[in-house]
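Novice: Got a structure here, written out as structure tokens. Questions coming.
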Amino acid sequence: MLKRVYHYAALFLEKRPWGIQLLYHSIRHYKLYELMEALIVAFIFAMVIRTFFFQAFKIPSESMMPTLHVGDRLFVNKMVYYFRPPEVGEIVVFKTPPIIYDARKPIYIKRVTGLPGDEVAIRADPNRRDGAGQLYINGKRVAHPAILGIDYTVRVEDLRTNRPKIYTVEKVPEGEIYVFGDNSAHSLDSRWWGGVPLENVKGKAFLRWWPPNRFGPVSYTHLTLPTKRIV
């Protein structure tokens with residue numbers, strides 16, 4: 001295909017005085033033009049991969065501790081959700097909804113805790129003074145993977161009403177997912193502002209490539225309890 005492009009380009013240049021000079025220059029300095037060709041092809045290839053397949057992402061905050069640390073660098077699979085919907089327990093990267101959009105922080109990373117139609121609840125232990133609770137989906141306590149069995153903070157501020165609230169039960173709207181941070185006490189997530197539209201989801205975090213001593217897949221284990229799938 002490239003040969004055909006070069007052929008038509010040469011025909012075009014031969015009919016113009018400046019084109020003849022360019023052809024002679026390319027013949028005399030063919031190594032330079034070969035390098036330029038390689039760089040252009042590599043750039044186009046990288047842009048295609050970044051746009052449609054994979055993208056690098058840097059963790060900017062402590063909201064996903066201890067799973068992800070500040071400064072961790074990940075690869076995000078942008079293709080996976082073309083073929084299937086997100087699942088509870090997966091770590092997703094998404095464009096922030098309008099209610100919290102900030103041009104300085106347009107992308108967030110959180111863990112999926114509810115699918116469209118699910119009832120997501122945090123039920124606090126009345127014997128605990130800190131108000132922490134456990135995650136329930138459709139009335140069933142979630143304990144697998146283990147990270148979803150952490151203590152979730154129930155005292156938050158509803159950014160939709162600008163009022164403090166105790167998080168209890170919410171139904172995930174159709175076309176949206178709920179996402180919580182693993183570091184519940186330091187995470188601005190769906191408890192505060194509601195769901196993430198599915199079209200805002202950019203991809204699934206799947207590989208940590210930096211720092212070298214933490215290189216490896218971003219661990220994820222499917223839930224053992226039945227959960228609703230997006231249809």
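Every chain in the structure tokens has a letter given in the order shown (A, B, ...), and although residue numbers restart at 1 in each chain, ligands are simply numbered from 1 in the order shown.
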Can you pull out the residues contacting segment 68-72 of chain A? Cut-off 9 Å, using only C-alpha atoms, and skip same-chain residues under 3 positions away; I want them as a list of chain:residue names.

Specialist: A:Phe57, A:Lys58, A:Ile59, A:Pro60, A:Ser61, A:Glu62, A:Ser63, A:Met64, A:Met65, A:Asp182, A:Arg208, A:Trp209, A:Trp210, A:Pro211, A:Arg214, A:Val218

Novice: Which neighbours of Pro164 of chain A fall inside 12 Å, counting only C-alpha atoms, when residues of the same chain fewer than 6 positions from it are skipped, and could you give them as number ranges by chain?

Specialist: A: 154-158, 191-193

Novice: Could you write out the selected residues, including N, CA, C and O atoms, as a short mmCIF file (atom, residue, chain, number, x, y, z; two decimals), in the first residue's frame?

Specialist:
```cif
data_model
loop_
_atom_site.label_atom_id
_atom_site.label_comp_id
_atom_site.auth_asym_id
_atom_site.auth_seq_id
_atom_site.Cartn_x
_atom_site.Cartn_y
_atom_site.Cartn_z
N VAL A 154 -20.27 5.82 56.13
CA VAL A 154 -21.67 6.14 55.79
C VAL A 154 -21.97 7.63 55.90
O VAL A 154 -22.95 8.10 55.32
N ARG A 155 -21.14 8.37 56.60
CA ARG A 155 -21.39 9.81 56.75
C ARG A 155 -20.74 10.55 55.58
O ARG A 155 -19.52 10.65 55.49
N VAL A 156 -21.55 11.05 54.69
CA VAL A 156 -21.07 11.76 53.51
C VAL A 156 -21.93 13.00 53.30
O VAL A 156 -22.88 13.24 54.04
N GLU A 157 -21.59 13.77 52.28
CA GLU A 157 -22.40 14.93 51.90
C GLU A 157 -22.96 14.68 50.51
O GLU A 157 -22.21 14.40 49.58
N ASP A 158 -24.25 14.78 50.38
CA ASP A 158 -24.90 14.58 49.09
C ASP A 158 -24.69 15.84 48.26
O ASP A 158 -25.28 16.89 48.54
N ARG A 191 -21.32 7.56 46.57
CA ARG A 191 -22.05 7.88 47.80
C ARG A 191 -22.36 9.38 47.86
O ARG A 191 -23.35 9.80 48.46
N TRP A 192 -21.50 10.17 47.26
CA TRP A 192 -21.62 11.63 47.31
C TRP A 192 -22.43 12.19 46.14
O TRP A 192 -23.16 13.15 46.30
N TRP A 193 -22.24 11.61 44.95
CA TRP A 193 -22.80 12.27 43.78
C TRP A 193 -23.59 11.36 42.85
O TRP A 193 -24.07 11.80 41.80
#
```

Novice: With only C-alpha atoms as the basis for distance, which of A:Asp189, A:Gly203, A:Phe215, A:Asp151 is at the shortest distance from Thr96 of chain A?

Specialist: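 Among the listed residues, the smallest separation from Thr96 of chain A belongs to A:Asp189.
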
Novice: Which residues are close to segment 99-101 of chain A, i.e. within 10 Å by only C-alpha atoms, leaving aside same-chain residues fewer than 5 positions away? Reply as a ChimeraX atom specification.

Specialist: /A:106-108,159-160,188-189,192-194

Novice: One decimal, Å: what's the distance from atom CA of Pro126 of chain A over to atom CA of Thr168 of chain A, could you say?

Specialist: 13.1 Å

Novice: Which of these residues is nearest to Tyr178 of chain A, using only C-alpha atoms: A:Ile137, A:Val196, A:Ile122, A:Ile91?

Specialist: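 The answer is A:Val196, which sits nearest to Tyr178 of chain A.
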
Novice: When DSSP is applied to the backbone of this structure, which of segment 173-219 of chain A are assigned strand (DSSP E or B)? Write them out as a ChimeraX atom specification.

Specialist: /A:176-180,196-197,201-210,216-217

Novice: Which is closest to Phe94 of chain A among A:Leu207, A:Leu115, A:Ile166, A:Leu198, if we use only C-alpha atoms?

Specialist: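 Of A:Leu207, A:Leu115, A:Ile166, A:Leu198, the one nearest Phe94 of chain A, counting only C-alpha atoms, is A:Leu198.
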
Novice: Report, in Å with one decimal, the straight-line distance from atom CA of Lys202 of chain A to atom CA of Arg111 of chain A.

Specialist: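 Atom-to-atom, atom CA of Lys202 of chain A and atom CA of Arg111 of chain A are spaced 13.2 Å apart.
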